[in-house]
Each structure stands twice: as C-alpha cells, then as structure tokens.
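Here is model07.pdb, consisting of PDB, C-alpha atoms:
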```pdb
ATOM      1  CA  MET A1068     -20.008 -58.869   3.101
ATOM      2  CA  ARG A1069     -16.291 -59.574   3.294
ATOM      3  CA  ARG A1070     -15.873 -58.598  -0.319
ATOM      4  CA  GLY A1071     -17.630 -55.238   0.352
ATOM      5  CA  LEU A1072     -15.272 -54.489   3.271
ATOM      6  CA  ILE A1073     -12.240 -55.231   1.106
ATOM      7  CA  HIS A1074     -13.544 -52.830  -1.575
ATOM      8  CA  LEU A1075     -14.236 -50.186   1.077
ATOM      9  CA  LEU A1076     -10.740 -50.603   2.542
ATOM     10  CA  ALA A1077      -9.145 -50.394  -0.926
ATOM     11  CA  TRP A1078     -11.161 -47.287  -1.795
ATOM     12  CA  THR A1079     -10.231 -45.646   1.531
ATOM     13  CA  LEU A1080      -6.530 -46.361   1.043
ATOM     14  CA  ALA A1081      -6.562 -45.125  -2.559
ATOM     15  CA  THR A1082      -8.438 -41.941  -1.593
ATOM     16  CA  GLY A1083      -6.093 -41.311   1.348
ATOM     17  CA  ALA A1084      -3.058 -41.791  -0.899
ATOM     18  CA  ALA A1085      -4.474 -39.413  -3.535
ATOM     19  CA  VAL A1086      -5.283 -36.716  -0.956
ATOM     20  CA  THR A1087      -1.835 -37.064   0.622
ATOM     21  CA  LEU A1088      -0.086 -36.850  -2.737
ATOM     22  CA  SER A1089      -2.157 -33.816  -3.755
ATOM     23  CA  TRP A1090      -1.519 -32.050  -0.449
ATOM     24  CA  TRP A1091       2.205 -32.752  -0.675
ATOM     25  CA  GLY A1092       2.356 -31.336  -4.217
ATOM     26  CA  VAL A1093       0.430 -28.182  -3.363
ATOM     27  CA  HIS A1094       2.345 -27.731  -0.115
ATOM     28  CA  SER A1095       5.732 -27.983  -1.834
ATOM     29  CA  VAL A1096       4.699 -25.340  -4.383
ATOM     30  CA  MET A1097       3.181 -22.983  -1.798
ATOM     31  CA  THR A1098       6.098 -23.240   0.647
ATOM     32  CA  GLY A1099       8.267 -20.929  -1.461
ATOM     33  CA  THR A1100       5.476 -18.386  -1.883
ATOM     34  CA  ALA A1101       5.494 -15.399   0.458
ATOM     35  CA  TYR A1102       2.396 -13.394   1.154
ATOM     36  CA  ASP A1103       3.870 -10.001   2.003
ATOM     37  CA  PRO A1104       1.533  -7.145   2.823
ATOM     38  CA  PRO A1105       1.172  -4.672  -0.037
ATOM     39  CA  ARG A1106       3.744  -1.900  -0.030
ATOM     40  CA  ALA A1107       2.761   1.739  -0.209
ATOM     41  CA  LEU A1108       3.445   3.491  -3.467
ATOM     42  CA  PRO A1109       5.770   6.487  -3.320
ATOM     43  CA  ILE A1110       4.213   9.907  -3.715
ATOM     44  CA  THR A1111       5.643  11.907  -6.594
ATOM     45  CA  ALA A1112       4.936  15.445  -7.736
ATOM     46  CA  ALA A1113       2.868  14.079 -10.633
ATOM     47  CA  ASP A1114       0.671  12.095  -8.203
ATOM     48  CA  ALA A1115      -0.168  15.217  -6.213
ATOM     49  CA  THR A1116      -1.874  16.774  -9.224
ATOM     50  CA  THR A1117      -4.173  13.820  -9.877
ATOM     51  CA  GLN A1118      -5.975  13.772  -6.536
ATOM     52  CA  GLU A1119      -9.198  15.174  -7.965
ATOM     53  CA  SER A1120      -9.276  13.161 -11.181
ATOM     54  CA  LYS A1121     -12.443  11.185 -11.765
ATOM     55  CA  PRO A1122     -12.406   7.649 -13.119
ATOM     56  CA  LEU A1123     -13.529   7.297 -16.722
ATOM     57  CA  ALA A1124     -15.496   4.152 -15.942
ATOM     58  CA  SER A1125     -16.603   2.252 -12.885
ATOM     59  CA  SER A1126     -17.759  -1.326 -12.570
ATOM     60  CA  THR A1127     -20.448  -0.230 -10.091
ATOM     61  CA  ALA A1128     -21.731   2.864 -11.881
ATOM     62  CA  ARG A1129     -24.779   2.422 -14.074
ATOM     63  CA  PRO A1130     -25.304   4.646 -17.104
ATOM     64  CA  THR A1131     -28.230   7.022 -16.999
ATOM     65  CA  PRO A1132     -31.052   6.311 -19.474
ATOM     66  CA  SER A1133     -29.937   9.195 -21.706
ATOM     67  CA  GLU A1134     -26.368   7.810 -21.814
ATOM     68  CA  SER A1135     -27.458   4.277 -22.625
ATOM     69  CA  LYS A1136     -29.525   5.421 -25.650
ATOM     70  CA  SER A1137     -26.632   7.086 -27.442
ATOM     71  CA  PRO A1138     -24.896   4.593 -29.728
ATOM     72  CA  SER A1139     -21.421   5.994 -29.275
ATOM     73  CA  ARG A1140     -19.755   8.203 -26.712
ATOM     74  CA  GLU A1141     -16.412   9.846 -27.054
ATOM     75  CA  LEU A1142     -14.174  10.096 -24.028
ATOM     76  CA  SER A1143     -12.120  13.233 -23.817
ATOM     77  CA  PRO A1144      -8.444  12.622 -23.135
ATOM     78  CA  ALA A1145      -7.188  13.321 -19.654
ATOM     79  CA  PRO A1146      -5.382  16.647 -19.340
ATOM     80  CA  THR A1147      -1.642  16.265 -19.450
ATOM     81  CA  ARG A1148       0.913  18.369 -17.668
ATOM     82  CA  THR A1149       4.024  19.380 -19.529
ATOM     83  CA  PRO A1150       7.319  19.166 -17.636
ATOM     84  CA  SER A1151       7.714  22.960 -17.786
ATOM     85  CA  SER A1152       4.380  23.712 -16.090
ATOM     86  CA  PRO A1153       4.443  23.773 -12.272
ATOM     87  CA  PRO A1154       2.320  21.245 -10.423
ATOM     88  CA  SER A1155      -0.910  22.543  -9.000
ATOM     89  CA  PRO A1156      -1.124  22.612  -5.209
ATOM     90  CA  PRO A1157      -2.907  19.638  -3.656
ATOM     91  CA  THR A1158      -6.438  20.299  -2.519
ATOM     92  CA  THR A1159      -7.663  19.583   0.971
ATOM     93  CA  SER A1160     -10.907  17.861   1.820
ATOM     94  CA  ALA A1161     -13.828  19.743   3.317
ATOM     95  CA  GLY A1162     -13.745  17.664   6.513
ATOM     96  CA  PRO A1163     -11.350  18.321   9.365
ATOM     97  CA  SER A1164      -8.022  16.537   9.176
ATOM     98  CA  PRO A1165      -6.742  14.623  12.198
ATOM     99  CA  THR A1166      -3.725  16.916  12.588
ATOM    100  CA  ALA A1167      -5.495  20.166  11.608
ATOM    101  CA  SER A1168      -2.434  21.335   9.618
ATOM    102  CA  GLY A1169      -2.247  19.033   6.634
ATOM    103  CA  GLN A1170       1.384  19.841   5.823
ATOM    104  CA  ILE A1171       2.596  16.731   3.991
ATOM    105  CA  LYS A1172       6.377  16.301   3.951
ATOM    106  CA  SER A1173       8.398  13.545   2.306
ATOM    107  CA  TYR A1174      11.819  12.408   3.546
ATOM    108  CA  ASP A1175      14.004  10.451   1.114
ATOM    109  CA  THR A1176      16.812   8.327   2.581
ATOM    110  CA  ASP A1177      19.205   5.669   1.322
ATOM    111  CA  GLY A1178      16.760   3.026   2.613
ATOM    112  CA  GLY A1179      13.500   4.438   1.293
ATOM    113  CA  ARG A1180      10.965   7.216   1.645
ATOM    114  CA  ALA A1181       8.798   8.201   4.616
ATOM    115  CA  VAL A1182       5.911  10.655   4.219
ATOM    116  CA  PHE A1183       4.406  12.403   7.255
ATOM    117  CA  ASP A1184       1.397  14.655   7.772
ATOM    118  CA  LEU A1185       2.824  17.247  10.152
ATOM    119  CA  GLY A1186       0.276  19.093  12.274
ATOM    120  CA  LYS A1187       0.751  21.819  14.861
ATOM    121  CA  THR A1188       0.815  19.445  17.840
ATOM    122  CA  SER A1189       1.102  15.947  16.341
ATOM    123  CA  ALA A1190       1.970  13.986  13.214
ATOM    124  CA  THR A1191       0.754  10.936  11.335
ATOM    125  CA  LEU A1192       2.553   8.582   8.977
ATOM    126  CA  VAL A1193       1.084   8.822   5.482
ATOM    127  CA  SER A1194       3.280   6.189   3.819
ATOM    128  CA  ALA A1195       6.635   4.490   4.092
ATOM    129  CA  THR A1196       8.211   2.782   1.116
ATOM    130  CA  PRO A1197      11.464   0.820   1.378
ATOM    131  CA  GLY A1198      13.968   1.019  -1.431
ATOM    132  CA  THR A1199      14.989  -1.985  -3.513
ATOM    133  CA  GLY A1200      16.736  -4.527  -1.287
ATOM    134  CA  TRP A1201      15.639  -2.790   1.927
ATOM    135  CA  SER A1202      13.065  -3.849   4.524
ATOM    136  CA  MET A1203      11.023  -1.601   6.777
ATOM    137  CA  GLN A1204       9.670  -1.507  10.330
ATOM    138  CA  VAL A1205       7.394   1.102  11.918
ATOM    139  CA  TRP A1206       6.892   1.959  15.602
ATOM    140  CA  LYS A1207       4.207   4.404  16.783
ATOM    141  CA  THR A1208       3.374   5.944  20.162
ATOM    142  CA  ASP A1209       1.342   8.950  21.288
ATOM    143  CA  SER A1210       4.365  11.259  20.997
ATOM    144  CA  TRP A1211       6.607   9.826  18.258
ATOM    145  CA  ILE A1212       6.773   7.680  15.101
ATOM    146  CA  ARG A1213       9.880   5.808  13.998
ATOM    147  CA  VAL A1214      10.360   4.291  10.539
ATOM    148  CA  GLU A1215      13.447   2.107  10.219
ATOM    149  CA  PHE A1216      14.761   0.870   6.884
ATOM    150  CA  GLY A1217      17.189  -2.041   7.027
ATOM    151  CA  SER A1218      19.435  -3.869   4.601
ATOM    152  CA  GLY A1219      21.879  -6.361   6.115
ATOM    153  CA  ALA A1220      23.766  -4.490   8.851
ATOM    154  CA  ASP A1221      22.802  -1.046   7.479
ATOM    155  CA  ARG A1222      19.999   0.850   9.236
ATOM    156  CA  VAL A1223      18.391   4.193   8.425
ATOM    157  CA  SER A1224      15.841   5.662  10.860
ATOM    158  CA  VAL A1225      13.378   8.447  10.207
ATOM    159  CA  PHE A1226      12.263   9.615  13.639
ATOM    160  CA  CYS A1227       9.363  12.082  14.053
ATOM    161  CA  THR A1228       8.756  13.461  17.572
ATOM    162  CA  TRP A1229       6.303  15.997  18.971
ATOM    163  CA  HIS A1230       6.313  15.362  22.739
ATOM    164  CA  ASP A1231       7.740  18.767  23.705
ATOM    165  CA  GLY A1232       6.624  21.018  20.838
ATOM    166  CA  PRO A1233       5.643  20.929  17.178
ATOM    167  CA  PRO A1234       6.634  17.826  15.208
ATOM    168  CA  ARG A1235      10.232  17.593  14.045
ATOM    169  CA  VAL A1236      11.901  14.897  11.953
ATOM    170  CA  GLU A1237      15.403  13.518  12.400
ATOM    171  CA  ILE A1238      17.136  11.095  10.044
ATOM    172  CA  GLY A1239      19.932   8.867  11.281
ATOM    173  CA  ASN A1240      22.173   6.216   9.689
ATOM    174  CA  TYR A1241      23.287   3.382  11.965
TER     175      TYR A1241
END
```
Could I get this structure in the form of structure tokens?
Amino acid sequence: MRRGLIHLLAWTLATGAAVTLSWWGVHSVMTGTAYDPPRALPITAADATTQESKPLASSTARPTPSESKSPSRELSPAPTRTPSSPPSPPTTSAGPSPTASGQIKSYDTDGGRAVFDLGKTSATLVSATPGTGWSMQVWKTDSWIRVEFGSGADRVSVFCTWHDGPPRVEIGNY
C-alpha cells in the first residue's frame, strides 16, 4: 500500500511538473502575440466595379446533375477594365438603405481613410482604415461620428455631424 502511494505521489509530481513546463512554454510564446481586430480594407475605384461579380466556385454550392456529367468545364476569364476606361457606377441594392441617400464619400487624411454613407438627414460609417504606423478610434452618437487617427503626438480627426442639417464632414489636424 505504501509503495502504491509513493508511485501515485511520484506520478502526480511528474505530471504537475510537465503541465507547468508546457504551460510556461506556451504562455511565453503567446505573450508576444497580439490579437487585433481585423482592419477594414480601403475602398478603391477598382473595388467599386466588382460589387456584382459572382464567385467562380463556392465550397457550399453543389453542381447540378448536368454540370457533374460533363468531363471538363472551361471557366471564362473575368472581364478586365483597362486604365483608360471609366469605372462603372456602383449599383444599389433593391432594399431600402438606412440613410435613404446612399451617397458614399471617402476622406483621405495623413492618418488614414474614412468612408461615410451620407444620407439626407443622417450618416453611417462604412469603413475606417488607419495608415501605416497610425492607430484609430471611433466614437458614434445619434447626431455625429468621429474617427480619430493617431500616431505618437499627432492626431487627425474626421468629424461627421448632422444634428442641425444634412451631414457635413470636417477634417482637423491636432
């Protein structure tokens, strides 16, 4: 009986030491890892033309019986836009938009880019993307949205207000 207790105590100590050593190793590696939220991608003129493009393949779509019987299918290349051709205007969805105007405007600053959907009586933030080396903070209320880009002591604010009329955007460096 005494011999069994000694084996149990030795096993417990060895297991505790192994778990502690493993946790310490994983913890030291994971300490330097930051889990930042994903950043929004900037909207470019080329992106505006691809809003209606369909994916060539989907992991959830099943081929129809007629498609699965054909031994080979050729995919047509996606249409390309030459630099000299103007971009096509973005299409709007059939459903009502929250701002009822749908006028998307982008504001580029030294700190990054803020994109707003400006309606007749309100606005919404579509995306905000900080520039390299800049951080970003967003404040929202019922009558204004403020996006602040910061880098060290430098601050750039994009301030959209609509409390006393249609939305207007002001940019300030602090």
Which is closest to Ser1194 in chain A among A:Tyr1174, A:Trp1211, A:Trp1091, A:Tyr1241, if we use only C-alpha atoms? A:Tyr1174
Could you list the residues chosen by the PyMOL selection byres ((chain A and resi 1204) around 8) in this structure as a ChimeraX atom specification? /A:1202-1203,1205-1206,1214-1216
Go ahead and dump the residues you just picked, C-alpha atoms, as a PDB file, keeping the file's coordinate frame.
```pdb
ATOM      1  CA  SER A1202      13.065  -3.849   4.524  1.00  0.00           C
ATOM      2  CA  MET A1203      11.023  -1.601   6.777  1.00  0.00           C
ATOM      3  CA  VAL A1205       7.394   1.102  11.918  1.00  0.00           C
ATOM      4  CA  TRP A1206       6.892   1.959  15.602  1.00  0.00           C
ATOM      5  CA  VAL A1214      10.360   4.291  10.539  1.00  0.00           C
ATOM      6  CA  GLU A1215      13.447   2.107  10.219  1.00  0.00           C
ATOM      7  CA  PHE A1216      14.761   0.870   6.884  1.00  0.00           C
TER       8      PHE A1216
END
```
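Here CA of Ile1171 in chain A and CA of Asp1184 in chain A stand 4.5 Å from one another.
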Going by the chain IDs and residue numbers used in this file, which residues fall under the PyMOL selection byres ((chain A and resi 1182) around 9)? Write them as JSON, numbers by chain. {"A": [1109, 1110, 1171, 1172, 1173, 1174, 1175, 1180, 1181, 1183, 1184, 1191, 1192, 1193, 1194, 1195, 1196]}
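Minimum distance to Pro1233 in chain A across A:His1074, A:His1094, A:Arg1069, A:Lys1187 (counting all atoms listed in the file) occurs at A:Lys1187.
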Of A:Ile1212, A:Ala1190, A:Val1086, A:Met1097, the one nearest to Phe1226 in chain A when counting only C-alpha atoms is A:Ile1212
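Using only C-alpha atoms, the shortest contact distance between Leu1185 in chain A and any of A:Thr1087, A:Met1068, A:Leu1075, A:Val1236 is found at A:Val1236.
We find CA of Pro1197 in chain A and CA of Ala1220 in chain A to be spaced 15.3 Å apart.
The interatomic distance for the pair CA of Trp1090 in chain A and CA of Trp1078 in chain A works out to 18.1 Å.
Among the candidate residues A:Thr1079, A:Gly1186, A:Asp1177, A:Gly1198, the one lying nearest to Gly1239 in chain A is A:Asp1177, with distances computed using all atoms listed in the file.
The closest residue to Gly1200 in chain A, picked from A:Trp1229, A:Gly1219, A:Leu1072, A:Thr1188 and counting only C-alpha atoms, is A:Gly1219.
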